[in-house]
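A.B. asks: Contents are mmCIF, C-alpha atoms, pLDDT in the B column; chains and numbers go by the auth columns; file name start15.cif:
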data_data
loop_
_atom_site.group_PDB
_atom_site.id
_atom_site.type_symbol
_atom_site.label_atom_id
_atom_site.label_comp_id
_atom_site.label_asym_id
_atom_site.label_seq_id
_atom_site.Cartn_x
_atom_site.Cartn_y
_atom_site.Cartn_z
_atom_site.B_iso_or_equiv
_atom_site.auth_seq_id
_atom_site.auth_asym_id
ATOM 1 C CA MET A 1 0.000 0.000 0.000 62.00 1 A
ATOM 2 C CA THR A 2 1.144 3.532 -0.702 71.00 2 A
ATOM 3 C CA GLN A 3 0.634 5.818 2.270 80.00 3 A
ATOM 4 C CA ARG A 4 2.459 9.069 2.937 86.00 4 A
ATOM 5 C CA LEU A 5 2.876 10.391 6.466 87.00 5 A
ATOM 6 C CA CYS A 6 1.229 13.623 5.342 89.00 6 A
ATOM 7 C CA ASP A 7 -1.913 11.714 4.286 90.00 7 A
ATOM 8 C CA PRO A 8 -4.642 10.741 6.770 92.00 8 A
ATOM 9 C CA LEU A 9 -5.353 7.070 7.316 94.00 9 A
ATOM 10 C CA PRO A 10 -8.623 5.971 5.667 94.00 10 A
ATOM 11 C CA TYR A 11 -11.667 5.856 7.933 96.00 11 A
ATOM 12 C CA THR A 12 -14.117 5.987 5.031 96.00 12 A
ATOM 13 C CA VAL A 13 -14.523 4.260 1.677 95.00 13 A
ATOM 14 C CA GLU A 14 -16.214 5.530 -1.460 94.00 14 A
ATOM 15 C CA PHE A 15 -18.671 2.956 -2.746 93.00 15 A
ATOM 16 C CA GLU A 16 -21.402 3.233 -5.384 91.00 16 A
ATOM 17 C CA GLY A 17 -21.518 7.010 -5.102 92.00 17 A
ATOM 18 C CA LYS A 18 -21.675 7.097 -1.298 92.00 18 A
ATOM 19 C CA THR A 19 -19.131 7.690 1.447 95.00 19 A
ATOM 20 C CA LEU A 20 -19.263 4.943 4.061 96.00 20 A
ATOM 21 C CA GLU A 21 -17.718 5.335 7.496 96.00 21 A
ATOM 22 C CA ILE A 22 -15.792 2.248 8.567 97.00 22 A
ATOM 23 C CA ASN A 23 -14.125 0.835 11.676 97.00 23 A
ATOM 24 C CA PRO A 24 -10.697 -0.146 10.288 96.00 24 A
ATOM 25 C CA TYR A 25 -9.075 -0.941 13.624 97.00 25 A
ATOM 26 C CA PHE A 26 -6.613 -3.808 13.836 97.00 26 A
ATOM 27 C CA ASP A 27 -8.686 -5.785 16.346 97.00 27 A
ATOM 28 C CA ASN A 28 -11.778 -5.561 14.117 97.00 28 A
ATOM 29 C CA VAL A 29 -9.839 -6.792 11.091 94.00 29 A
ATOM 30 C CA LEU A 30 -8.350 -9.702 13.039 94.00 30 A
ATOM 31 C CA ASP A 31 -11.824 -10.550 14.337 94.00 31 A
ATOM 32 C CA VAL A 32 -13.163 -10.626 10.769 92.00 32 A
ATOM 33 C CA LEU A 33 -10.249 -12.758 9.533 89.00 33 A
ATOM 34 C CA SER A 34 -10.989 -15.271 12.293 88.00 34 A
ATOM 35 C CA ILE A 35 -14.643 -15.446 11.274 88.00 35 A
ATOM 36 C CA PHE A 36 -13.812 -15.995 7.600 86.00 36 A
ATOM 37 C CA ASP A 37 -11.598 -18.889 8.681 83.00 37 A
ATOM 38 C CA ASP A 38 -14.438 -20.503 10.666 84.00 38 A
ATOM 39 C CA ALA A 39 -15.682 -23.495 8.681 83.00 39 A
ATOM 40 C CA SER A 40 -18.764 -23.814 10.905 89.00 40 A
ATOM 41 C CA ARG A 41 -20.219 -20.540 9.564 88.00 41 A
ATOM 42 C CA THR A 42 -21.913 -20.043 6.219 88.00 42 A
ATOM 43 C CA GLU A 43 -20.702 -17.461 3.699 86.00 43 A
ATOM 44 C CA GLU A 44 -23.794 -15.377 4.457 88.00 44 A
ATOM 45 C CA GLU A 45 -23.016 -15.365 8.178 91.00 45 A
ATOM 46 C CA LYS A 46 -19.385 -14.417 7.533 90.00 46 A
ATOM 47 C CA VAL A 47 -20.269 -11.491 5.273 90.00 47 A
ATOM 48 C CA MET A 48 -23.022 -10.231 7.586 91.00 48 A
ATOM 49 C CA TYR A 49 -20.676 -10.406 10.562 93.00 49 A
ATOM 50 C CA ALA A 50 -17.883 -8.625 8.687 93.00 50 A
ATOM 51 C CA TYR A 51 -20.281 -5.886 7.604 94.00 51 A
ATOM 52 C CA ALA A 52 -21.581 -5.404 11.162 95.00 52 A
ATOM 53 C CA VAL A 53 -18.032 -5.111 12.521 96.00 53 A
ATOM 54 C CA LEU A 54 -16.427 -2.967 9.818 96.00 54 A
ATOM 55 C CA VAL A 55 -19.190 -0.665 8.550 95.00 55 A
ATOM 56 C CA LYS A 56 -20.965 1.978 10.631 92.00 56 A
ATOM 57 C CA ARG A 57 -23.944 2.400 8.291 86.00 57 A
ATOM 58 C CA LYS A 58 -26.213 -0.611 8.605 85.00 58 A
ATOM 59 C CA SER A 59 -28.042 -2.276 5.735 83.00 59 A
ATOM 60 C CA GLY A 60 -30.350 -5.263 5.549 76.00 60 A
ATOM 61 C CA ASP A 61 -29.539 -5.922 1.888 86.00 61 A
ATOM 62 C CA MET A 62 -27.277 -8.992 1.858 86.00 62 A
ATOM 63 C CA ALA A 63 -26.111 -8.440 -1.702 88.00 63 A
ATOM 64 C CA TYR A 64 -25.126 -4.865 -0.892 90.00 64 A
ATOM 65 C CA GLN A 65 -23.276 -5.984 2.233 91.00 65 A
ATOM 66 C CA GLY A 66 -21.325 -8.500 0.169 90.00 66 A
ATOM 67 C CA ARG A 67 -20.288 -5.887 -2.379 91.00 67 A
ATOM 68 C CA VAL A 68 -19.222 -3.470 0.350 93.00 68 A
ATOM 69 C CA ILE A 69 -17.101 -6.051 2.165 92.00 69 A
ATOM 70 C CA GLN A 70 -15.504 -7.136 -1.110 90.00 70 A
ATOM 71 C CA HIS A 71 -14.586 -3.497 -1.766 92.00 71 A
ATOM 72 C CA ILE A 72 -13.206 -3.022 1.744 94.00 72 A
ATOM 73 C CA ALA A 73 -11.185 -6.232 1.417 91.00 73 A
ATOM 74 C CA GLU A 74 -9.608 -5.006 -1.813 88.00 74 A
ATOM 75 C CA THR A 75 -8.942 -1.412 -0.707 90.00 75 A
ATOM 76 C CA ILE A 76 -8.345 -1.610 3.061 92.00 76 A
ATOM 77 C CA LEU A 77 -7.704 -5.155 4.282 89.00 77 A
ATOM 78 C CA PHE A 78 -5.437 -6.491 1.507 84.00 78 A
ATOM 79 C CA PRO A 79 -4.728 -3.507 -0.782 74.00 79 A
ATOM 80 C CA ASP A 80 -1.284 -4.589 -2.023 67.00 80 A
ATOM 81 C CA LYS A 81 -0.620 -8.274 -1.437 58.00 81 A
ATOM 82 C CA GLN A 82 2.629 -8.105 -3.450 46.00 82 A
ATOM 83 C CA GLU A 83 4.263 -5.604 -1.102 45.00 83 A
ATOM 84 C CA LYS A 84 4.419 -7.773 2.015 49.00 84 A
ATOM 85 C CA LYS A 85 7.814 -7.737 3.636 47.00 85 A
ATOM 86 C CA HIS A 86 7.717 -11.311 4.916 46.00 86 A
ATOM 87 C CA ASN A 87 6.785 -14.604 3.354 48.00 87 A
ATOM 88 C CA GLU A 88 3.075 -14.979 4.147 49.00 88 A
ATOM 89 C CA ARG A 89 3.668 -18.496 5.473 67.00 89 A
ATOM 90 C CA SER A 90 6.098 -17.264 8.098 86.00 90 A
ATOM 91 C CA PHE A 91 3.524 -15.766 10.488 91.00 91 A
ATOM 92 C CA ASP A 92 -0.136 -15.651 11.394 90.00 92 A
ATOM 93 C CA PHE A 93 -1.774 -12.713 13.133 92.00 93 A
ATOM 94 C CA ILE A 94 -4.133 -14.973 15.102 90.00 94 A
ATOM 95 C CA GLN A 95 -1.899 -17.868 16.160 91.00 95 A
ATOM 96 C CA ASP A 96 1.058 -15.595 16.880 94.00 96 A
ATOM 97 C CA THR A 97 -0.916 -13.274 19.158 95.00 97 A
ATOM 98 C CA PRO A 98 1.332 -13.689 22.253 96.00 98 A
ATOM 99 C CA TYR A 99 4.509 -13.077 20.260 97.00 99 A
ATOM 100 C CA ILE A 100 3.076 -10.084 18.398 97.00 100 A
ATOM 101 C CA TYR A 101 1.802 -8.541 21.617 98.00 101 A
ATOM 102 C CA ALA A 102 5.193 -8.996 23.280 98.00 102 A
ATOM 103 C CA ALA A 103 7.031 -7.635 20.228 98.00 103 A
ATOM 104 C CA TYR A 104 4.965 -4.436 20.085 98.00 104 A
ATOM 105 C CA ARG A 105 5.428 -3.964 23.816 98.00 105 A
ATOM 106 C CA GLN A 106 9.192 -4.543 23.552 98.00 106 A
ATOM 107 C CA ALA A 107 9.852 -2.526 20.392 98.00 107 A
ATOM 108 C CA TYR A 108 7.367 0.332 20.684 98.00 108 A
ATOM 109 C CA GLY A 109 6.041 0.293 24.234 98.00 109 A
ATOM 110 C CA ILE A 110 2.566 -0.317 22.780 98.00 110 A
ATOM 111 C CA ASP A 111 -0.023 -2.338 24.692 98.00 111 A
ATOM 112 C CA LEU A 112 -2.136 -3.762 21.861 98.00 112 A
ATOM 113 C CA PHE A 113 -5.000 -4.625 24.204 98.00 113 A
ATOM 114 C CA ALA A 114 -5.199 -0.969 25.206 98.00 114 A
ATOM 115 C CA GLU A 115 -5.140 0.013 21.518 98.00 115 A
ATOM 116 C CA GLN A 116 -8.234 -1.981 20.557 98.00 116 A
ATOM 117 C CA GLY A 117 -10.671 0.308 18.760 97.00 117 A
ATOM 118 C CA ARG A 118 -7.908 2.911 18.339 97.00 118 A
ATOM 119 C CA LEU A 119 -4.990 1.592 16.276 98.00 119 A
ATOM 120 C CA HIS A 120 -5.698 1.619 12.531 97.00 120 A
ATOM 121 C CA TRP A 121 -5.111 -1.641 10.621 96.00 121 A
ATOM 122 C CA TRP A 122 -2.559 0.018 8.333 95.00 122 A
ATOM 123 C CA ALA A 123 -0.634 1.474 11.281 96.00 123 A
ATOM 124 C CA PHE A 124 -0.616 -1.994 12.840 97.00 124 A
ATOM 125 C CA LEU A 125 0.796 -3.453 9.608 94.00 125 A
ATOM 126 C CA PHE A 126 3.455 -0.746 9.262 94.00 126 A
ATOM 127 C CA LEU A 127 4.638 -1.377 12.809 96.00 127 A
ATOM 128 C CA PHE A 128 4.660 -5.126 12.219 95.00 128 A
ATOM 129 C CA GLN A 129 6.843 -4.694 9.144 93.00 129 A
ATOM 130 C CA GLY A 130 9.309 -2.653 11.205 95.00 130 A
ATOM 131 C CA LEU A 131 9.725 -5.067 14.115 96.00 131 A
ATOM 132 C CA PRO A 132 13.412 -5.431 15.042 96.00 132 A
ATOM 133 C CA LYS A 133 15.254 -8.733 14.788 95.00 133 A
ATOM 134 C CA ASN A 134 15.701 -9.079 18.544 96.00 134 A
ATOM 135 C CA THR A 135 11.975 -9.565 19.192 97.00 135 A
ATOM 136 C CA ARG A 136 10.718 -13.083 19.742 96.00 136 A
ATOM 137 C CA MET A 137 8.283 -12.682 16.833 96.00 137 A
ATOM 138 C CA MET A 138 11.096 -11.987 14.389 96.00 138 A
ATOM 139 C CA GLU A 139 13.187 -14.808 15.837 96.00 139 A
ATOM 140 C CA ILE A 140 10.267 -17.174 15.197 96.00 140 A
ATOM 141 C CA ILE A 141 9.865 -15.898 11.628 94.00 141 A
ATOM 142 C CA LYS A 142 13.572 -16.572 11.101 94.00 142 A
ATOM 143 C CA ILE A 143 13.183 -20.137 12.389 94.00 143 A
ATOM 144 C CA ARG A 144 10.188 -20.791 10.147 92.00 144 A
ATOM 145 C CA THR A 145 11.910 -19.460 7.042 91.00 145 A
ATOM 146 C CA GLU A 146 15.362 -20.896 7.709 91.00 146 A
ATOM 147 C CA PRO A 147 16.078 -23.440 4.943 91.00 147 A
ATOM 148 C CA MET A 148 16.990 -26.927 6.079 88.00 148 A
ATOM 149 C CA PRO A 149 20.567 -27.582 4.886 86.00 149 A
ATOM 150 C CA LYS A 150 21.454 -30.744 3.042 90.00 150 A
ATOM 151 C CA ALA A 151 22.674 -33.490 5.300 86.00 151 A
ATOM 152 C CA THR A 152 26.416 -33.845 5.720 89.00 152 A
ATOM 153 C CA LYS A 153 28.562 -35.716 8.186 84.00 153 A
ATOM 154 C CA HIS A 154 29.129 -32.439 10.037 88.00 154 A
ATOM 155 C CA ASN A 155 25.655 -30.973 10.486 89.00 155 A
ATOM 156 C CA ALA A 156 23.510 -33.777 11.893 89.00 156 A
ATOM 157 C CA GLU A 157 23.105 -32.038 15.261 90.00 157 A
ATOM 158 C CA TYR A 158 22.279 -28.685 13.662 90.00 158 A
ATOM 159 C CA ARG A 159 19.658 -30.261 11.391 90.00 159 A
ATOM 160 C CA LYS A 160 18.110 -32.054 14.336 92.00 160 A
ATOM 161 C CA SER A 161 18.052 -28.861 16.397 93.00 161 A
ATOM 162 C CA LEU A 162 16.558 -26.813 13.549 93.00 162 A
ATOM 163 C CA ALA A 163 13.897 -29.422 12.816 93.00 163 A
ATOM 164 C CA LYS A 164 12.907 -29.445 16.476 94.00 164 A
ATOM 165 C CA ALA A 165 12.775 -25.641 16.556 93.00 165 A
ATOM 166 C CA LYS A 166 10.632 -25.518 13.394 92.00 166 A
ATOM 167 C CA LEU A 167 8.238 -28.080 14.825 91.00 167 A
ATOM 168 C CA SER A 168 7.860 -26.104 18.050 91.00 168 A
ATOM 169 C CA VAL A 169 6.728 -22.944 16.202 92.00 169 A
ATOM 170 C CA ALA A 170 4.935 -24.534 13.223 90.00 170 A
ATOM 171 C CA LEU A 171 1.739 -22.846 12.024 86.00 171 A
ATOM 172 C CA GLU A 172 -1.568 -24.622 11.558 82.00 172 A
ATOM 173 C CA VAL A 173 -3.095 -21.858 9.418 71.00 173 A
ATOM 174 C CA PRO A 174 -0.604 -19.400 7.875 69.00 174 A
ATOM 175 C CA GLN A 175 -1.757 -15.820 7.273 74.00 175 A
ATOM 176 C CA GLU A 176 -1.721 -16.485 3.527 74.00 176 A
ATOM 177 C CA GLU A 177 -4.316 -19.256 3.945 75.00 177 A
ATOM 178 C CA ARG A 178 -6.424 -17.099 6.256 75.00 178 A
ATOM 179 C CA GLU A 179 -6.607 -14.357 3.621 77.00 179 A
ATOM 180 C CA LYS A 180 -7.379 -16.890 0.882 77.00 180 A
ATOM 181 C CA ASN A 181 -10.254 -18.209 2.994 76.00 181 A
ATOM 182 C CA ALA A 182 -11.663 -14.675 3.230 79.00 182 A
ATOM 183 C CA HIS A 183 -11.467 -14.210 -0.535 76.00 183 A
ATOM 184 C CA LYS A 184 -13.042 -17.630 -1.179 78.00 184 A
ATOM 185 C CA ALA A 185 -15.916 -16.875 1.175 80.00 185 A
ATOM 186 C CA LEU A 186 -16.577 -13.553 -0.556 82.00 186 A
ATOM 187 C CA GLU A 187 -16.456 -15.164 -3.993 79.00 187 A
ATOM 188 C CA SER A 188 -18.821 -17.953 -2.911 78.00 188 A
ATOM 189 C CA PHE A 189 -21.188 -15.389 -1.433 80.00 189 A
ATOM 190 C CA ALA A 190 -21.162 -13.347 -4.658 76.00 190 A
ATOM 191 C CA GLN A 191 -21.916 -16.462 -6.718 75.00 191 A
ATOM 192 C CA MET A 192 -24.789 -17.379 -4.398 75.00 192 A
ATOM 193 C CA ILE A 193 -26.308 -13.894 -4.682 74.00 193 A
ATOM 194 C CA ALA A 194 -25.944 -13.990 -8.484 69.00 194 A
ATOM 195 C CA LYS A 195 -27.822 -17.319 -8.648 66.00 195 A
ATOM 196 C CA MET A 196 -30.587 -15.981 -6.389 62.00 196 A
ATOM 197 C CA ALA A 197 -30.978 -12.969 -8.677 58.00 197 A
ATOM 198 C CA GLN A 198 -31.421 -15.205 -11.723 60.00 198 A
ATOM 199 C CA GLN A 199 -34.195 -17.265 -10.120 49.00 199 A
#
Represent the structure from my file as structure tokens, please.
C.D. replies:
Amino acid sequence: MTQRLCDPLPYTVEFEGKTLEINPYFDNVLDVLSIFDDASRTEEEKVMYAYAVLVKRKSGDMAYQGRVIQHIAETILFPDKQEKKHNERSFDFIQDTPYIYAAYRQAYGIDLFAEQGRLHWWAFLFLFQGLPKNTRMMEIIKIRTEPMPKATKHNAEYRKSLAKAKLSVALEVPQEEREKNAHKALESFAQMIAKMAQQ
């Protein structure tokens, strides 16, 4: 995403000729990502929940809610997927919560629990991208992305140690998969609404 320090962070989106006020706080976005990853919920439930959390103006039109959330996903939640600093499979904002909290506290003196409903999603991402190497979060990312060297007669112990370290911090659902699940849910919802309209 391209954001200058002289530009305000976005708290509104322009959609279908209207300006919609949104709640783009990091805790809301993480809440929505968790819901989209919940296989027990239908696409309709996921979209309705995301709309209720992220948009201030309420609407009972499911199709409209789906279009709004799709727009917010493309412009606010994942505006520039190609510009991520880290390999998406090296971290997950939900599973790594303790490490991220500790890293923000260590590096910036920020208590993320106290910043709920205050810290913008983009500001959260910028700070995450700037975390120093001596935080536990960055150490874990290094472990996850460290390539396993080819076996030699000299590195058996190192390979064993690295494999054990990787196993101890392995992810069940990488951030990349979490975002894909959100996109899939939105696409499925759009297809469902299109079929309903044709009937």
A.B. asks: Given the file shown, determine the residues that the PyMOL selection byres ((chain A and resi 30) around 12) selects; report them as an MDAnalysis selection string.
C.D. replies: chainID A and resid 24:29 31:37 50 53:54 77 92:97 116:117 120:121 124:125 175 178:179 182
A.B. asks: Take the PyMOL selection byres ((chain A and resi 143) around 10), run it mentally on this structure, and tell me the resulting residues as a PyMOL selection string.
C.D. replies: chain A and resi 90+137-142+144-147+162-163+165-170
A.B. asks: With all atoms listed in the file as the counted atoms, please give the residues lying no more than 9 Å from range 9-14 of chain A, apart from itself and same-chain residues fewer than 6 positions off, as a list of chain:residue names.
C.D. replies: A:Gln3, A:Leu20, A:Glu21, A:Ile22, A:Asn23, A:Pro24, A:His71, A:Ile72, A:Thr75, A:Ile76, A:His120, A:Trp122, A:Ala123
A.B. asks: Separation of CA of Phe189 in chain A and CA of Ile69 in chain A, in Å?
C.D. replies: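 Between these atoms lies a distance of 10.8 Å.
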A.B. asks: Expand the PyMOL selection byres ((chain A and resi 108) around 12) into the explicit residue set it covers here, and present it as an MDAnalysis selection string.
C.D. replies: chainID A and resid 100:107 109:112 124 127:128 130:132 135
A.B. asks: Can you write just those residues out, C-alpha atoms, as a short mmCIF file (atom, residue, chain, number, x, y, z; two decimals), keeping the file's coordinate frame?
C.D. replies:
data_model
loop_
_atom_site.label_atom_id
_atom_site.label_comp_id
_atom_site.auth_asym_id
_atom_site.auth_seq_id
_atom_site.Cartn_x
_atom_site.Cartn_y
_atom_site.Cartn_z
CA ILE A 100 3.08 -10.08 18.40
CA TYR A 101 1.80 -8.54 21.62
CA ALA A 102 5.19 -9.00 23.28
CA ALA A 103 7.03 -7.64 20.23
CA TYR A 104 4.96 -4.44 20.08
CA ARG A 105 5.43 -3.96 23.82
CA GLN A 106 9.19 -4.54 23.55
CA ALA A 107 9.85 -2.53 20.39
CA GLY A 109 6.04 0.29 24.23
CA ILE A 110 2.57 -0.32 22.78
CA ASP A 111 -0.02 -2.34 24.69
CA LEU A 112 -2.14 -3.76 21.86
CA PHE A 124 -0.62 -1.99 12.84
CA LEU A 127 4.64 -1.38 12.81
CA PHE A 128 4.66 -5.13 12.22
CA GLY A 130 9.31 -2.65 11.20
CA LEU A 131 9.72 -5.07 14.12
CA PRO A 132 13.41 -5.43 15.04
CA THR A 135 11.98 -9.56 19.19
#
A.B. asks: Using all atoms of range 111-129 of chain A listed in the file and a margin of 8 Å per side, can you give the axis-aligned box centre and edge lengths in Å to one decimal, as lines of an AutoDock Vina configuration file?
C.D. replies:
center_x = -1.9
center_y = -1.1
center_z = 16.8
size_x = 33.5
size_y = 24.0
size_z = 32.9
A.B. asks: What is the distance, in Å and to one decimal place, between CA of Glu45 in chain A and CA of Arg57 in chain A?
C.D. replies: 17.8 Å
A.B. asks: Which residue, A:Tyr158, A:Ala190, A:Thr2, A:Ser59, has the smallest gap to Pro79 in chain A when you use all atoms listed in the file?
C.D. replies: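 Closest residue, counting all atoms listed in the file: A:Thr2.
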A.B. asks: Take CA of Asn181 in chain A and CA of Phe113 in chain A and report the distance between them in Å, one decimal.
C.D. replies: 25.7 Å
A.B. asks: Quick one: of A:Met48, A:Ala39, A:Val68, A:Ala63, who's nearest to Lys18 in chain A, counting only C-alpha atoms?
C.D. replies: A:Val68
A.B. asks: Identify which of the residues A:Tyr99, A:Tyr51, A:Phe126, A:Tyr64 lies closest to Arg4 in chain A, counting all atoms listed in the file when measuring atom-to-atom distances.
C.D. replies: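 Checking each of A:Tyr99, A:Tyr51, A:Phe126, A:Tyr64 against Arg4 in chain A, counting all atoms listed in the file, the winner is A:Phe126.
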A.B. asks: Looking at all atoms listed in the file, which of A:Cys6, A:Met148, A:Val55, A:Val47 is the one that sits closest to Thr19 in chain A?
C.D. replies: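 So, comparing all the options, the nearest one is A:Val55.
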A.B. asks: Would you mind putting N, CA, C and O atoms back on range 14-26 of chain A and writing the result as a PDB file, keeping the file's coordinate frame?
C.D. replies:
ATOM      1  N   GLU A  14     -15.250   5.085  -0.468  1.00 94.00           N
ATOM      2  CA  GLU A  14     -16.214   5.530  -1.460  1.00 94.00           C
ATOM      3  C   GLU A  14     -16.761   4.297  -2.169  1.00 94.00           C
ATOM      4  O   GLU A  14     -16.003   3.497  -2.710  1.00 94.00           O
ATOM      5  N   PHE A  15     -18.084   4.151  -2.140  1.00 93.00           N
ATOM      6  CA  PHE A  15     -18.671   2.956  -2.746  1.00 93.00           C
ATOM      7  C   PHE A  15     -20.034   3.284  -3.355  1.00 93.00           C
ATOM      8  O   PHE A  15     -20.929   3.780  -2.671  1.00 93.00           O
ATOM      9  N   GLU A  16     -20.155   3.025  -4.646  1.00 91.00           N
ATOM     10  CA  GLU A  16     -21.402   3.233  -5.384  1.00 91.00           C
ATOM     11  C   GLU A  16     -21.977   4.625  -5.143  1.00 91.00           C
ATOM     12  O   GLU A  16     -23.177   4.800  -4.883  1.00 91.00           O
ATOM     13  N   GLY A  17     -21.087   5.622  -5.207  1.00 92.00           N
ATOM     14  CA  GLY A  17     -21.518   7.010  -5.102  1.00 92.00           C
ATOM     15  C   GLY A  17     -21.759   7.512  -3.695  1.00 92.00           C
ATOM     16  O   GLY A  17     -22.198   8.650  -3.507  1.00 92.00           O
ATOM     17  N   LYS A  18     -21.455   6.683  -2.687  1.00 92.00           N
ATOM     18  CA  LYS A  18     -21.675   7.097  -1.298  1.00 92.00           C
ATOM     19  C   LYS A  18     -20.382   6.957  -0.497  1.00 92.00           C
ATOM     20  O   LYS A  18     -19.524   6.130  -0.811  1.00 92.00           O
ATOM     21  N   THR A  19     -20.265   7.779   0.531  1.00 95.00           N
ATOM     22  CA  THR A  19     -19.131   7.690   1.447  1.00 95.00           C
ATOM     23  C   THR A  19     -19.566   6.912   2.676  1.00 95.00           C
ATOM     24  O   THR A  19     -20.499   7.319   3.383  1.00 95.00           O
ATOM     25  N   LEU A  20     -18.917   5.791   2.921  1.00 96.00           N
ATOM     26  CA  LEU A  20     -19.263   4.943   4.061  1.00 96.00           C
ATOM     27  C   LEU A  20     -18.209   5.058   5.146  1.00 96.00           C
ATOM     28  O   LEU A  20     -17.012   4.924   4.879  1.00 96.00           O
ATOM     29  N   GLU A  21     -18.639   5.322   6.365  1.00 96.00           N
ATOM     30  CA  GLU A  21     -17.718   5.335   7.496  1.00 96.00           C
ATOM     31  C   GLU A  21     -17.443   3.897   7.924  1.00 96.00           C
ATOM     32  O   GLU A  21     -18.354   3.075   7.994  1.00 96.00           O
ATOM     33  N   ILE A  22     -16.173   3.604   8.195  1.00 97.00           N
ATOM     34  CA  ILE A  22     -15.792   2.248   8.567  1.00 97.00           C
ATOM     35  C   ILE A  22     -15.035   2.240   9.888  1.00 97.00           C
ATOM     36  O   ILE A  22     -14.635   3.289  10.402  1.00 97.00           O
ATOM     37  N   ASN A  23     -14.868   1.042  10.431  1.00 97.00           N
ATOM     38  CA  ASN A  23     -14.125   0.835  11.676  1.00 97.00           C
ATOM     39  C   ASN A  23     -12.879   0.005  11.372  1.00 97.00           C
ATOM     40  O   ASN A  23     -12.839  -1.195  11.670  1.00 97.00           O
ATOM     41  N   PRO A  24     -11.841   0.614  10.786  1.00 96.00           N
ATOM     42  CA  PRO A  24     -10.697  -0.146  10.288  1.00 96.00           C
ATOM     43  C   PRO A  24      -9.617  -0.398  11.342  1.00 96.00           C
ATOM     44  O   PRO A  24      -8.421  -0.308  11.062  1.00 96.00           O
ATOM     45  N   TYR A  25     -10.042  -0.731  12.551  1.00 97.00           N
ATOM     46  CA  TYR A  25      -9.075  -0.941  13.624  1.00 97.00           C
ATOM     47  C   TYR A  25      -8.515  -2.361  13.562  1.00 97.00           C
ATOM     48  O   TYR A  25      -9.204  -3.295  13.132  1.00 97.00           O
ATOM     49  N   PHE A  26      -7.299  -2.521  14.008  1.00 97.00           N
ATOM     50  CA  PHE A  26      -6.613  -3.808  13.836  1.00 97.00           C
ATOM     51  C   PHE A  26      -7.376  -4.954  14.475  1.00 97.00           C
ATOM     52  O   PHE A  26      -7.440  -6.061  13.924  1.00 97.00           O
TER      53      PHE A  26
END
